[in-house]
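Worksheet: one structure, shown below.
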Amino acid sequence: MDAFHEELAPLVGVKRACALLGRVRSSYYRRRKPAVDKEPTPRPTPPNALSEGERARVLALLCEDQHVDSSVAQVYAETLDEGTYLCSQSTMLRILRANRATKDRRRQRTHPAKKRPELLATKPLEIWSWDISKLHGPTRGLFYDLYVVIDIFSRYVPGWLVAAHEDAELAKEFLEDAILTQGVARDQLTIHADRGGSMRSKPVSQLMMDLGVTRSHSRPHVCLFTG
C-alpha cells in the first residue's frame with residue numbers, strides 16, 4: 001500500500017492518492033515522519049516527599065506491637081487522636097507495600113500436613129472400614145441410607161443397616177452392635193472411615209473410646225477408597 005501511494009502522490013497529489021487508496025492523510029504523513037526514540041523523563045521528587053528517616057519512622061510505627069494487628073486506617077486515626085501526623089494513609093500503604101508488609105503481619109498458626117493412613121490387616125477382626133451410601137427408594141426423590149462395615153482382611157461384612165436418614169446416634173448403635181456381636185476385645189480393632197459428619201460425631205467417637213477401638217480417618221477432601 002505504501003508503494004502504491006508513493007507512485008500516485010507525485011501524479012495526482014497526496015489528497016487524491018489518499019482518496020483513491022482509501023487512506024487517511026494523517027496516517028500517510030505519520031508514516032513518513034521519522035521515528036524518534038524519546039528517553040523517558042524522570043519523575044521529579046515532590047518537595048513534600050518523606051525522607052528515608054521519616055519513612056523508617058512510619059514503618060516502625062506500623063510494625064509496633066500495639067499496631068501490628070490494626071489496619072492502616074486505625075493506626076492513622078489513633079495517631080491523630082494522640083496529636084501526631086506523620087503522613088497520609090496512602091503513603092502508609094505505599095511504605096508497607098515497598099517493604100512487602102501489606103499482608104497480615106502476625107505470626108500465623110501452622111497446621112501439620114495430614115499423613116496418609118496406611119493400614120495393613122494380617123488377620124480378621126483387626127481392621128474394619130465403614131461408610132454410609134445412598135440407595136434409591138421406590139419413588140422418585142426418595143432415598144435410604146445404607147450403613148455398611150466390612151473387614152478388610154476377610155471381606156466379611158460384620159454388619160449392615162438400611163435407615164430412612166443418616167443419624168449419629170443410629171451410627172453409634174450400628175457400630176456398637178457389630179463390635180459386640182463379633183466379640184471384639186479391647187485394643188484389638190481399628191475402624192477406618194472418611195471424614196463425614198457421622199464418622200466424626202461425638203457419639204461415635206465416645207463409643208470408640210469406651211470400647212477400646214482405634215479410630216482412623218481419611219485425609220481431608222479424600223474419599224474413603226483412596227484415603
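We label chains A, B, ... in the order they appear in the C-alpha cells, count residues from 1 in each chain, and number ligands from 1 in the order shown.
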
Query raised in the report: So which residues of region 26-75 of chain A fall under helix (DSSP H, G or I) by DSSP, listed as a PyMOL selection string?
Result: chain A and resi 26-32+52-62+72-75

Query raised in the report: So which residues touch region 130-145 of chain A within 12 Å, counting only C-alpha atoms, skipping near sequence neighbours fewer than 5 positions away, as a count of residues only?
Result: 41

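Straight-line separation from CA of Ala185 (chain A) to CA of Gly212 (chain A): 7.9 Å.
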
Query - Test item, strand (DSSP E or B) assignment across region 59-166 of chain A, answer as a PyMOL selection string - result: chain A and resi 127-136+143-151+159-163

Query raised in the report: Can you list, as number ranges by chain, every protein, DNA or RNA residue that comes within 12 Å of region 5-18 of chain A when you count only C-alpha atoms, leaving out same-chain residues fewer than 2 positions away?
Result: A: 1-3, 20-29, 31-32

Write out the residues from the selection above, keeping N, CA and C atoms, as a short mmCIF file (atom, residue, chain, number, x, y, z; two decimals), in the first residue's frame.
```cif
data_model
loop_
_atom_site.label_atom_id
_atom_site.label_comp_id
_atom_site.auth_asym_id
_atom_site.auth_seq_id
_atom_site.Cartn_x
_atom_site.Cartn_y
_atom_site.Cartn_z
N MET A 1 0.83 -1.20 0.00
CA MET A 1 0.00 0.00 0.00
C MET A 1 0.86 1.25 0.00
N ASP A 2 1.95 1.25 0.78
CA ASP A 2 2.84 2.42 0.81
C ASP A 2 3.51 2.62 -0.54
N ALA A 3 3.83 1.52 -1.21
CA ALA A 3 4.48 1.64 -2.52
C ALA A 3 3.53 2.27 -3.54
N LEU A 20 -8.13 7.76 -3.41
CA LEU A 20 -8.19 6.59 -4.28
C LEU A 20 -7.82 5.31 -3.53
N LEU A 21 -6.89 5.40 -2.62
CA LEU A 21 -6.44 4.21 -1.89
C LEU A 21 -7.21 3.98 -0.59
N GLY A 22 -8.11 4.87 -0.24
CA GLY A 22 -8.89 4.70 0.98
C GLY A 22 -8.09 4.88 2.25
N ARG A 23 -7.17 5.82 2.24
CA ARG A 23 -6.33 6.06 3.41
C ARG A 23 -6.56 7.46 3.93
N VAL A 24 -6.23 7.66 5.18
CA VAL A 24 -6.34 8.97 5.82
C VAL A 24 -5.00 9.69 5.66
N ARG A 25 -5.10 11.01 5.33
CA ARG A 25 -3.85 11.75 5.10
C ARG A 25 -2.97 11.82 6.34
N SER A 26 -3.59 11.88 7.50
CA SER A 26 -2.79 11.93 8.72
C SER A 26 -1.95 10.67 8.89
N SER A 27 -2.51 9.51 8.47
CA SER A 27 -1.75 8.27 8.55
C SER A 27 -0.57 8.31 7.58
N TYR A 28 -0.79 8.91 6.42
CA TYR A 28 0.28 8.99 5.42
C TYR A 28 1.44 9.84 5.93
N TYR A 29 1.09 11.01 6.50
CA TYR A 29 2.15 11.88 6.99
C TYR A 29 2.83 11.29 8.23
N ARG A 31 3.35 8.12 8.78
CA ARG A 31 4.28 7.08 8.34
C ARG A 31 5.56 7.68 7.75
N ARG A 32 5.44 8.85 7.12
CA ARG A 32 6.62 9.47 6.53
C ARG A 32 7.50 10.17 7.56
#
```

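Note that CA of Ser90 (chain A) and CA of Val68 (chain A) are 17.2 Å apart.
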